[in-house]
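Enquirer: Coordinates in structure.cif, mmCIF, C-alpha atoms, are listed below.
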data_model
loop_
_atom_site.group_PDB
_atom_site.id
_atom_site.type_symbol
_atom_site.label_atom_id
_atom_site.label_comp_id
_atom_site.auth_asym_id
_atom_site.auth_seq_id
_atom_site.Cartn_x
_atom_site.Cartn_y
_atom_site.Cartn_z
ATOM 1 C CA MET A 5 18.996 -102.614 -59.078
ATOM 2 C CA ASP A 6 18.953 -106.259 -60.092
ATOM 3 C CA PRO A 7 21.219 -107.129 -62.990
ATOM 4 C CA SER A 8 19.385 -107.219 -66.305
ATOM 5 C CA PRO A 9 18.152 -110.690 -67.242
ATOM 6 C CA PHE A 10 18.640 -109.815 -70.910
ATOM 7 C CA ALA A 11 21.750 -110.383 -73.009
ATOM 8 C CA ARG A 12 23.500 -107.298 -74.331
ATOM 9 C CA PRO A 13 22.549 -105.997 -77.782
ATOM 10 C CA GLY A 14 24.727 -107.227 -80.626
ATOM 11 C CA THR A 15 25.231 -105.844 -84.107
ATOM 12 C CA ALA A 16 22.488 -104.096 -86.067
ATOM 13 C CA ALA A 17 21.949 -107.329 -88.002
ATOM 14 C CA ASP A 18 21.561 -109.306 -84.759
ATOM 15 C CA LEU A 19 19.142 -106.735 -83.365
ATOM 16 C CA GLU A 20 17.031 -106.596 -86.515
ATOM 17 C CA GLU A 21 16.997 -110.176 -87.737
ATOM 18 C CA GLY A 22 17.836 -112.175 -84.630
ATOM 19 C CA LEU A 23 15.592 -114.394 -82.529
ATOM 20 C CA ALA A 24 16.973 -113.183 -79.199
ATOM 21 C CA LEU A 25 15.377 -110.436 -77.143
ATOM 22 C CA THR A 26 18.319 -108.124 -76.424
ATOM 23 C CA PRO A 27 16.695 -104.782 -75.589
ATOM 24 C CA LYS A 28 18.708 -101.661 -76.339
ATOM 25 C CA PHE A 29 18.163 -99.685 -73.150
ATOM 26 C CA ASP A 30 19.033 -95.974 -73.356
ATOM 27 C CA ARG A 31 21.517 -94.138 -71.138
ATOM 28 C CA ASP A 32 18.885 -94.137 -68.378
ATOM 29 C CA GLY A 33 18.362 -97.883 -68.729
ATOM 30 C CA LEU A 34 14.950 -97.536 -70.378
ATOM 31 C CA VAL A 35 13.062 -98.615 -73.476
ATOM 32 C CA THR A 36 9.926 -96.851 -74.718
ATOM 33 C CA CYS A 37 6.663 -98.762 -74.413
ATOM 34 C CA VAL A 38 3.506 -98.037 -76.399
ATOM 35 C CA ALA A 39 0.330 -99.573 -75.009
ATOM 36 C CA THR A 40 -2.616 -99.923 -77.367
ATOM 37 C CA ASP A 41 -6.142 -101.058 -76.621
ATOM 38 C CA ALA A 42 -6.417 -104.658 -77.831
ATOM 39 C CA ALA A 43 -10.082 -104.090 -78.636
ATOM 40 C CA THR A 44 -10.005 -100.757 -80.503
ATOM 41 C CA GLY A 45 -6.358 -100.322 -81.549
ATOM 42 C CA ASP A 46 -6.248 -96.858 -79.939
ATOM 43 C CA VAL A 47 -2.977 -95.787 -78.399
ATOM 44 C CA LEU A 48 -3.646 -95.642 -74.668
ATOM 45 C CA MET A 49 -0.297 -94.402 -73.353
ATOM 46 C CA VAL A 50 3.422 -94.118 -73.947
ATOM 47 C CA ALA A 51 5.670 -94.911 -70.999
ATOM 48 C CA HIS A 52 9.022 -96.456 -70.158
ATOM 49 C CA MET A 53 10.294 -99.804 -68.948
ATOM 50 C CA ASN A 54 13.620 -100.629 -67.377
ATOM 51 C CA ALA A 55 14.954 -104.199 -67.436
ATOM 52 C CA ALA A 56 13.015 -105.124 -64.295
ATOM 53 C CA ALA A 57 9.719 -103.696 -65.625
ATOM 54 C CA LEU A 58 10.127 -105.412 -68.980
ATOM 55 C CA SER A 59 11.064 -108.671 -67.366
ATOM 56 C CA LYS A 60 8.114 -108.568 -64.940
ATOM 57 C CA THR A 61 5.704 -107.672 -67.754
ATOM 58 C CA ILE A 62 6.869 -110.648 -69.807
ATOM 59 C CA ALA A 63 6.783 -113.016 -66.844
ATOM 60 C CA THR A 64 3.386 -111.978 -65.454
ATOM 61 C CA GLY A 65 1.421 -110.729 -68.474
ATOM 62 C CA GLU A 66 0.551 -107.593 -66.469
ATOM 63 C CA ALA A 67 2.043 -104.235 -67.510
ATOM 64 C CA TRP A 68 4.850 -102.905 -65.299
ATOM 65 C CA TYR A 69 6.588 -99.606 -65.991
ATOM 66 C CA PHE A 70 9.399 -97.481 -64.626
ATOM 67 C CA SER A 71 8.376 -93.992 -63.538
ATOM 68 C CA ARG A 72 11.012 -91.451 -64.509
ATOM 69 C CA SER A 73 9.529 -88.790 -62.223
ATOM 70 C CA ARG A 74 9.325 -91.086 -59.207
ATOM 71 C CA GLN A 75 12.358 -93.206 -60.210
ATOM 72 C CA ALA A 76 10.362 -96.256 -59.240
ATOM 73 C CA LEU A 77 9.115 -99.506 -60.684
ATOM 74 C CA TRP A 78 5.323 -99.655 -60.734
ATOM 75 C CA ARG A 79 2.634 -102.071 -61.742
ATOM 76 C CA LYS A 80 0.080 -100.205 -63.826
ATOM 77 C CA GLY A 81 -3.061 -99.861 -61.728
ATOM 78 C CA GLU A 82 -1.472 -100.892 -58.454
ATOM 79 C CA THR A 83 -3.185 -98.010 -56.633
ATOM 80 C CA SER A 84 -6.059 -97.151 -59.030
ATOM 81 C CA GLY A 85 -7.016 -100.708 -59.952
ATOM 82 C CA HIS A 86 -6.751 -99.676 -63.604
ATOM 83 C CA THR A 87 -4.538 -102.560 -64.617
ATOM 84 C CA GLN A 88 -3.409 -103.654 -68.070
ATOM 85 C CA ARG A 89 -3.458 -107.315 -69.073
ATOM 86 C CA VAL A 90 -1.027 -107.875 -71.911
ATOM 87 C CA ILE A 91 -2.484 -109.779 -74.848
ATOM 88 C CA GLU A 92 0.524 -109.486 -77.135
ATOM 89 C CA MET A 93 3.991 -107.956 -77.003
ATOM 90 C CA ARG A 94 6.116 -106.857 -79.944
ATOM 91 C CA ILE A 95 9.666 -105.519 -80.161
ATOM 92 C CA ASP A 96 10.830 -103.123 -82.852
ATOM 93 C CA CYS A 97 13.651 -103.454 -85.365
ATOM 94 C CA ASP A 98 16.417 -101.960 -83.248
ATOM 95 C CA GLN A 99 14.953 -103.275 -79.980
ATOM 96 C CA ASP A 100 14.609 -99.954 -78.209
ATOM 97 C CA ALA A 101 10.802 -99.852 -78.235
ATOM 98 C CA VAL A 102 8.100 -102.275 -77.151
ATOM 99 C CA TRP A 103 4.469 -102.397 -78.250
ATOM 100 C CA ILE A 104 1.946 -104.072 -75.988
ATOM 101 C CA LYS A 105 -1.675 -104.729 -76.854
ATOM 102 C CA VAL A 106 -3.592 -104.670 -73.604
ATOM 103 C CA GLU A 107 -6.967 -105.233 -72.018
ATOM 104 C CA GLN A 108 -7.336 -101.978 -70.103
ATOM 105 C CA THR A 109 -9.437 -101.883 -66.939
ATOM 106 C CA VAL A 110 -11.472 -98.611 -66.853
ATOM 107 C CA ALA A 111 -8.876 -96.117 -68.136
ATOM 108 C CA ALA A 112 -5.175 -95.717 -68.813
ATOM 109 C CA CYS A 113 -4.929 -91.998 -68.069
ATOM 110 C CA HIS A 114 -4.753 -90.524 -64.575
ATOM 111 C CA THR A 115 -6.849 -87.559 -65.823
ATOM 112 C CA GLY A 116 -9.859 -89.856 -66.161
ATOM 113 C CA ARG A 117 -9.847 -90.461 -69.909
ATOM 114 C CA ARG A 118 -9.457 -93.949 -71.298
ATOM 115 C CA SER A 119 -6.442 -92.863 -73.383
ATOM 116 C CA CYS A 120 -3.771 -90.289 -72.540
ATOM 117 C CA PHE A 121 -4.180 -89.020 -76.114
ATOM 118 C CA TYR A 122 -7.513 -87.262 -75.538
ATOM 119 C CA ARG A 123 -6.681 -84.072 -77.453
ATOM 120 C CA ALA A 124 -6.283 -83.652 -81.207
ATOM 121 C CA VAL A 125 -3.779 -81.237 -82.736
ATOM 122 C CA PRO A 126 -5.235 -79.496 -85.806
ATOM 123 C CA LEU A 127 -3.056 -79.810 -88.898
ATOM 124 C CA GLY A 128 -2.146 -76.966 -91.207
ATOM 125 C CA LYS A 129 -0.906 -74.260 -88.872
ATOM 126 C CA ALA A 130 2.047 -74.927 -86.610
ATOM 127 C CA ASN A 131 1.778 -71.796 -84.521
ATOM 128 C CA GLY A 132 -1.037 -71.083 -82.144
ATOM 129 C CA ALA A 133 -2.736 -74.412 -82.692
ATOM 130 C CA VAL A 134 -5.798 -74.835 -80.488
ATOM 131 C CA LEU A 135 -6.230 -78.376 -79.198
ATOM 132 C CA THR A 136 -9.570 -80.163 -79.434
ATOM 133 C CA PHE A 137 -10.789 -82.501 -76.717
ATOM 134 C CA VAL A 138 -11.903 -85.716 -78.399
ATOM 135 C CA GLU A 139 -12.493 -88.007 -75.403
ATOM 136 C CA GLU A 140 -14.765 -87.736 -72.394
ATOM 137 C CA ARG A 141 -13.724 -88.716 -68.895
ATOM 138 C CA VAL A 142 -14.717 -92.213 -67.849
ATOM 139 C CA PHE A 143 -13.908 -91.607 -64.178
ATOM 140 C CA ASP A 144 -13.488 -88.566 -61.941
ATOM 141 C CA PRO A 145 -9.811 -88.217 -61.054
ATOM 142 C CA LYS A 146 -10.725 -86.237 -57.928
ATOM 143 C CA VAL A 147 -12.558 -89.253 -56.572
ATOM 144 C CA ALA A 148 -10.402 -92.143 -57.763
ATOM 145 C CA ARG A 149 -6.947 -92.115 -59.271
ATOM 146 C CA MET B 18 18.655 -74.484 -84.636
ATOM 147 C CA ASP B 19 15.597 -72.287 -85.157
ATOM 148 C CA PRO B 20 13.900 -71.164 -81.971
ATOM 149 C CA SER B 21 10.909 -73.322 -81.066
ATOM 150 C CA PRO B 22 7.617 -71.961 -82.391
ATOM 151 C CA PHE B 23 5.861 -73.438 -79.353
ATOM 152 C CA ALA B 24 5.207 -71.713 -76.040
ATOM 153 C CA ARG B 25 6.911 -73.191 -72.988
ATOM 154 C CA PRO B 26 5.053 -75.802 -70.939
ATOM 155 C CA GLY B 27 3.122 -74.437 -67.973
ATOM 156 C CA THR B 28 1.814 -76.191 -64.880
ATOM 157 C CA ALA B 29 0.600 -79.782 -64.875
ATOM 158 C CA ALA B 30 -2.969 -78.467 -64.996
ATOM 159 C CA ASP B 31 -2.172 -76.313 -68.037
ATOM 160 C CA LEU B 32 -0.463 -79.226 -69.773
ATOM 161 C CA GLU B 33 -3.286 -81.658 -69.067
ATOM 162 C CA GLU B 34 -6.408 -79.545 -69.430
ATOM 163 C CA GLY B 35 -5.269 -76.630 -71.568
ATOM 164 C CA LEU B 36 -6.071 -75.834 -75.177
ATOM 165 C CA ALA B 37 -2.530 -74.748 -76.065
ATOM 166 C CA LEU B 38 0.033 -77.046 -77.643
ATOM 167 C CA THR B 39 3.069 -76.565 -75.379
ATOM 168 C CA PRO B 40 5.170 -79.697 -75.972
ATOM 169 C CA LYS B 41 7.379 -80.846 -73.125
ATOM 170 C CA PHE B 42 10.612 -81.555 -74.986
ATOM 171 C CA ASP B 43 13.155 -83.671 -73.086
ATOM 172 C CA ARG B 44 16.748 -82.664 -72.275
ATOM 173 C CA ASP B 45 17.648 -83.475 -75.896
ATOM 174 C CA GLY B 46 14.836 -81.282 -77.216
ATOM 175 C CA LEU B 47 12.688 -84.233 -78.322
ATOM 176 C CA VAL B 48 9.214 -85.663 -77.900
ATOM 177 C CA THR B 49 8.353 -89.293 -78.641
ATOM 178 C CA CYS B 50 6.146 -89.933 -81.663
ATOM 179 C CA VAL B 51 4.103 -93.085 -82.265
ATOM 180 C CA ALA B 52 2.908 -93.591 -85.829
ATOM 181 C CA THR B 53 0.006 -95.971 -86.370
ATOM 182 C CA ASP B 54 -1.495 -97.185 -89.616
ATOM 183 C CA ALA B 55 -4.716 -95.205 -90.135
ATOM 184 C CA ALA B 56 -6.244 -98.209 -91.909
ATOM 185 C CA THR B 57 -5.340 -101.089 -89.569
ATOM 186 C CA GLY B 58 -4.452 -99.397 -86.256
ATOM 187 C CA ASP B 59 -1.112 -101.246 -86.158
ATOM 188 C CA VAL B 60 1.810 -99.425 -84.616
ATOM 189 C CA LEU B 61 4.193 -98.766 -87.495
ATOM 190 C CA MET B 62 7.096 -97.108 -85.712
ATOM 191 C CA VAL B 63 8.233 -95.115 -82.701
ATOM 192 C CA ALA B 64 10.552 -92.188 -83.387
ATOM 193 C CA HIS B 65 11.360 -88.699 -82.148
ATOM 194 C CA MET B 66 10.511 -85.154 -83.144
ATOM 195 C CA ASN B 67 12.272 -81.949 -82.194
ATOM 196 C CA ALA B 68 10.448 -78.614 -82.370
ATOM 197 C CA ALA B 69 11.273 -78.209 -86.071
ATOM 198 C CA ALA B 70 10.085 -81.731 -86.982
ATOM 199 C CA LEU B 71 6.856 -81.338 -85.009
ATOM 200 C CA SER B 72 6.219 -77.929 -86.482
ATOM 201 C CA LYS B 73 6.855 -79.126 -90.063
ATOM 202 C CA THR B 74 4.634 -82.175 -89.536
ATOM 203 C CA ILE B 75 1.770 -79.995 -88.334
ATOM 204 C CA ALA B 76 2.228 -77.441 -91.106
ATOM 205 C CA THR B 77 2.612 -79.901 -94.000
ATOM 206 C CA GLY B 78 0.638 -82.985 -92.947
ATOM 207 C CA GLU B 79 3.676 -85.106 -93.858
ATOM 208 C CA ALA B 80 5.662 -86.848 -91.111
ATOM 209 C CA TRP B 81 9.016 -85.294 -90.240
ATOM 210 C CA TYR B 82 11.301 -86.716 -87.555
ATOM 211 C CA PHE B 83 14.601 -85.991 -85.877
ATOM 212 C CA SER B 84 17.184 -88.748 -86.196
ATOM 213 C CA ARG B 85 19.109 -89.157 -82.966
ATOM 214 C CA SER B 86 21.818 -91.251 -84.638
ATOM 215 C CA ARG B 87 22.333 -88.808 -87.499
ATOM 216 C CA GLN B 88 21.406 -85.708 -85.446
ATOM 217 C CA ALA B 89 19.405 -84.508 -88.414
ATOM 218 C CA LEU B 90 15.883 -83.484 -89.330
ATOM 219 C CA TRP B 91 14.374 -85.815 -91.931
ATOM 220 C CA ARG B 92 11.168 -86.141 -93.840
ATOM 221 C CA LYS B 93 10.011 -89.744 -93.602
ATOM 222 C CA GLY B 94 10.500 -91.338 -97.015
ATOM 223 C CA GLU B 95 12.637 -88.556 -98.437
ATOM 224 C CA THR B 96 15.089 -91.099 -99.876
ATOM 225 C CA SER B 97 12.966 -94.281 -99.959
ATOM 226 C CA GLY B 98 9.728 -92.707 -101.142
ATOM 227 C CA HIS B 99 8.000 -94.418 -98.207
ATOM 228 C CA THR B 100 6.285 -91.295 -96.949
ATOM 229 C CA GLN B 101 3.656 -90.894 -94.247
ATOM 230 C CA ARG B 102 0.629 -88.678 -94.778
ATOM 231 C CA VAL B 103 -0.773 -87.638 -91.421
ATOM 232 C CA ILE B 104 -4.526 -88.165 -91.075
ATOM 233 C CA GLU B 105 -4.775 -87.172 -87.427
ATOM 234 C CA MET B 106 -2.447 -85.995 -84.663
ATOM 235 C CA ARG B 107 -2.979 -86.337 -80.926
ATOM 236 C CA ILE B 108 -0.955 -85.096 -77.964
ATOM 237 C CA ASP B 109 -0.837 -86.892 -74.618
ATOM 238 C CA CYS B 110 -1.730 -85.660 -71.140
ATOM 239 C CA ASP B 111 1.678 -84.270 -70.187
ATOM 240 C CA GLN B 112 2.500 -83.249 -73.775
ATOM 241 C CA ASP B 113 5.713 -85.236 -74.136
ATOM 242 C CA ALA B 114 4.370 -87.740 -76.661
ATOM 243 C CA VAL B 115 2.581 -87.411 -79.986
ATOM 244 C CA TRP B 116 0.425 -89.997 -81.750
ATOM 245 C CA ILE B 117 -0.034 -89.701 -85.495
ATOM 246 C CA LYS B 118 -2.360 -91.833 -87.592
ATOM 247 C CA VAL B 119 -0.821 -92.067 -91.028
ATOM 248 C CA GLU B 120 -1.338 -93.316 -94.536
ATOM 249 C CA GLN B 121 1.907 -95.231 -95.028
ATOM 250 C CA THR B 122 3.334 -95.632 -98.521
ATOM 251 C CA VAL B 123 4.753 -99.194 -98.926
ATOM 252 C CA ALA B 124 6.403 -99.696 -95.530
ATOM 253 C CA ALA B 125 7.554 -97.831 -92.432
ATOM 254 C CA CYS B 126 10.517 -100.071 -91.585
ATOM 255 C CA HIS B 127 13.903 -99.882 -93.294
ATOM 256 C CA THR B 128 14.184 -103.688 -92.959
ATOM 257 C CA GLY B 129 11.386 -104.101 -95.513
ATOM 258 C CA ARG B 130 8.467 -104.851 -93.221
ATOM 259 C CA ARG B 131 5.427 -102.591 -93.130
ATOM 260 C CA SER B 132 5.813 -102.096 -89.356
ATOM 261 C CA CYS B 133 8.999 -101.940 -87.302
ATOM 262 C CA PHE B 134 7.239 -104.218 -84.801
ATOM 263 C CA TYR B 135 7.525 -107.400 -86.878
ATOM 264 C CA ARG B 136 8.560 -109.708 -84.037
ATOM 265 C CA ALA B 137 6.438 -110.954 -81.152
ATOM 266 C CA VAL B 138 7.854 -111.536 -77.681
ATOM 267 C CA PRO B 139 6.351 -114.651 -76.081
ATOM 268 C CA LEU B 140 4.843 -114.031 -72.663
ATOM 269 C CA GLY B 141 5.406 -116.167 -69.611
ATOM 270 C CA LYS B 142 9.164 -116.546 -69.455
ATOM 271 C CA ALA B 143 11.342 -113.473 -69.181
ATOM 272 C CA ASN B 144 14.656 -115.187 -69.713
ATOM 273 C CA GLY B 145 15.716 -116.729 -72.972
ATOM 274 C CA ALA B 146 12.594 -115.643 -74.835
ATOM 275 C CA VAL B 147 12.723 -116.610 -78.511
ATOM 276 C CA LEU B 148 11.191 -113.987 -80.780
ATOM 277 C CA THR B 149 8.662 -114.942 -83.450
ATOM 278 C CA PHE B 150 8.564 -113.210 -86.823
ATOM 279 C CA VAL B 151 4.975 -112.178 -87.481
ATOM 280 C CA GLU B 152 5.333 -109.992 -90.586
ATOM 281 C CA GLU B 153 6.708 -110.678 -94.051
ATOM 282 C CA ARG B 154 8.848 -108.227 -95.950
ATOM 283 C CA VAL B 155 6.956 -106.062 -98.438
ATOM 284 C CA PHE B 156 10.136 -104.828 -100.118
ATOM 285 C CA ASP B 157 13.731 -105.973 -100.367
ATOM 286 C CA PRO B 158 15.918 -103.609 -98.331
ATOM 287 C CA LYS B 159 18.958 -104.597 -100.400
ATOM 288 C CA VAL B 160 17.290 -103.204 -103.502
ATOM 289 C CA ALA B 161 15.441 -100.160 -102.184
ATOM 290 C CA ARG B 162 15.729 -98.427 -98.823
#
Show me, as structure tokens, the structure contained in the file I just sent.

Expert:
Amino acid sequence: MDPSPFARPGTAADLEEGLALTPKFDRDGLVTCVATDAATGDVLMVAHMNAAALSKTIATGEAWYFSRSRQALWRKGETSGHTQRVIEMRIDCDQDAVWIKVEQTVAACHTGRRSCFYRAVPLGKANGAVLTFVEERVFDPKVAR
Amino acid sequence: MDPSPFARPGTAADLEEGLALTPKFDRDGLVTCVATDAATGDVLMVAHMNAAALSKTIATGEAWYFSRSRQALWRKGETSGHTQRVIEMRIDCDQDAVWIKVEQTVAACHTGRRSCFYRAVPLGKANGAVLTFVEERVFDPKVAR
């Protein structure tokens, strides 16, 4: 793996009030990334970025992630065409999470829904909750992924 | 720790298309939770929930988290008063991330800003990026936390 282009995290005060981007990668070398739809504000997906993915996303304005299951860097939409153009990027107080507002082509979710968060969890009873589907498919995942 | 009230995750098909909430907790027993402002859609914070926190959040409609640094269950705002009332909860395709839309009292961030994502990362140059503060404090963290 290429060495990280980012400086190492400093003190809590540096992380929270500083002007330098010094991401606090976890023991697997990852930060969490939340992608929201720049148009609607909906959360589209939650995924992870390693230093290379974060660096490429910043440099290109296209969303890159690190797949934990495949242990591989990937550009969102590189096979499906369902890319994400980054409109704005934010970093959180302790610099271990990134928020990107994106223009999503077609859909973020491989199941065919625009957002990965297509089911609601009813509140009030923790046990035996029955999920409710709240989003229709916008493409057929059997045809195109 | 109490045993999880949730059934164990099944196949990918069950996780993605099923009606049962079977969270896929990671090796630390956690799922990622994104809290957005129900009024504005802004991402307020990213945190973690263990089975107890998720179960309490669902049962009470108030946001509970698990602090990795303190290794403790906590109700958001239990000391600061800056609670989160959950308006809606969603689960993602592989059930390892939760999205809650909340009514946030005062502010989500301990630094005094409403959102933890109060700094923008400029796009275009990965190295030496200078962060921009995009949110003012709404309370003084030296006075009230």

Enquirer: What is the atom CA of A:Tyr69-atom CA of A:Val35 distance in Å, reported with one decimal?

Expert: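 Going from atom CA of A:Tyr69 over to atom CA of A:Val35 covers 9.9 Å.
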
Enquirer: Pull out every residue of chain B that has at least one atom within 8 Å of chain A, counting only C-alpha atoms, and report them as a ChimeraX atom specification.

Expert: /B:22-23,33,35-38,51,58-60,62-63,72-73,75-78,105-110,114-116,126,128,133-149

Enquirer: Take the PyMOL selection byres ((chain B and resi 89) around 12), run it mentally on this structure, and tell me the resulting residues as a PyMOL selection string.

Expert: chain B and resi 18+65-67+69-70+81-88+90-93

Enquirer: What is the distance, in Å and to one decimal place, between atom CA of B:Thr100 and atom CA of B:Ala80?

Expert: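 Answer for the atom CA of B:Thr100 to atom CA of B:Ala80 separation: 7.4 Å.
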
Enquirer: Would you work out the distance separating atom CA of B:Lys41 from atom CA of A:Asp32, expressed in Å to one decimal?

Expert: 18.2 Å

Enquirer: Evaluate the PyMOL selection byres ((chain A and resi 141-143) around 9) and record the selected residues as a ChimeraX atom specification, following the chain and residue labels used in the document.

Expert: /A:110-111,115-118,139-140,144-149

Enquirer: Would you mind exporting C-alpha atoms of the selected residues as a compact mmCIF listing (two decimals), keeping the file's coordinate frame?

Expert:
# COMPACT_ATOMS: atom_id res chain seq x y z
CA VAL A 110 -11.47 -98.61 -66.85
CA ALA A 111 -8.88 -96.12 -68.14
CA THR A 115 -6.85 -87.56 -65.82
CA GLY A 116 -9.86 -89.86 -66.16
CA ARG A 117 -9.85 -90.46 -69.91
CA ARG A 118 -9.46 -93.95 -71.30
CA GLU A 139 -12.49 -88.01 -75.40
CA GLU A 140 -14.76 -87.74 -72.39
CA ASP A 144 -13.49 -88.57 -61.94
CA PRO A 145 -9.81 -88.22 -61.05
CA LYS A 146 -10.72 -86.24 -57.93
CA VAL A 147 -12.56 -89.25 -56.57
CA ALA A 148 -10.40 -92.14 -57.76
CA ARG A 149 -6.95 -92.12 -59.27

Enquirer: Please complete stretch 147-158 of chain B with N, CA and C atoms and give it back as a PDB file, keeping the file's coordinate frame.

Expert:
ATOM      1  N   VAL B 147      12.402-116.518 -77.089  1.00  0.00           N
ATOM      2  CA  VAL B 147      12.723-116.610 -78.511  1.00  0.00           C
ATOM      3  C   VAL B 147      11.664-115.834 -79.287  1.00  0.00           C
ATOM      4  N   LEU B 148      12.114-114.836 -80.034  1.00  0.00           N
ATOM      5  CA  LEU B 148      11.191-113.987 -80.780  1.00  0.00           C
ATOM      6  C   LEU B 148      10.567-114.748 -81.947  1.00  0.00           C
ATOM      7  N   THR B 149       9.360-114.338 -82.320  1.00  0.00           N
ATOM      8  CA  THR B 149       8.662-114.942 -83.450  1.00  0.00           C
ATOM      9  C   THR B 149       8.423-113.877 -84.515  1.00  0.00           C
ATOM     10  N   PHE B 150       8.822-114.161 -85.735  1.00  0.00           N
ATOM     11  CA  PHE B 150       8.564-113.210 -86.823  1.00  0.00           C
ATOM     12  C   PHE B 150       7.097-113.312 -87.216  1.00  0.00           C
ATOM     13  N   VAL B 151       6.412-112.160 -87.201  1.00  0.00           N
ATOM     14  CA  VAL B 151       4.975-112.178 -87.481  1.00  0.00           C
ATOM     15  C   VAL B 151       4.607-111.349 -88.709  1.00  0.00           C
ATOM     16  N   GLU B 152       5.616-110.789 -89.381  1.00  0.00           N
ATOM     17  CA  GLU B 152       5.333-109.992 -90.586  1.00  0.00           C
ATOM     18  C   GLU B 152       6.334-110.328 -91.669  1.00  0.00           C
ATOM     19  N   GLU B 153       5.840-110.446 -92.892  1.00  0.00           N
ATOM     20  CA  GLU B 153       6.708-110.678 -94.051  1.00  0.00           C
ATOM     21  C   GLU B 153       7.245-109.357 -94.569  1.00  0.00           C
ATOM     22  N   ARG B 154       8.341-109.430 -95.277  1.00  0.00           N
ATOM     23  CA  ARG B 154       8.848-108.227 -95.950  1.00  0.00           C
ATOM     24  C   ARG B 154       7.924-107.847 -97.101  1.00  0.00           C
ATOM     25  N   VAL B 155       7.731-106.537 -97.289  1.00  0.00           N
ATOM     26  CA  VAL B 155       6.956-106.062 -98.438  1.00  0.00           C
ATOM     27  C   VAL B 155       7.867-105.410 -99.477  1.00  0.00           C
ATOM     28  N   PHE B 156       9.145-105.204 -99.113  1.00  0.00           N
ATOM     29  CA  PHE B 156      10.136-104.828-100.118  1.00  0.00           C
ATOM     30  C   PHE B 156      11.486-105.372 -99.687  1.00  0.00           C
ATOM     31  N   ASP B 157      12.404-105.446-100.641  1.00  0.00           N
ATOM     32  CA  ASP B 157      13.731-105.973-100.367  1.00  0.00           C
ATOM     33  C   ASP B 157      14.660-104.816-100.007  1.00  0.00           C
ATOM     34  N   PRO B 158      15.124-104.768 -98.747  1.00  0.00           N
ATOM     35  CA  PRO B 158      15.918-103.609 -98.331  1.00  0.00           C
ATOM     36  C   PRO B 158      17.270-103.537 -99.038  1.00  0.00           C
TER      37      PRO B 158
END
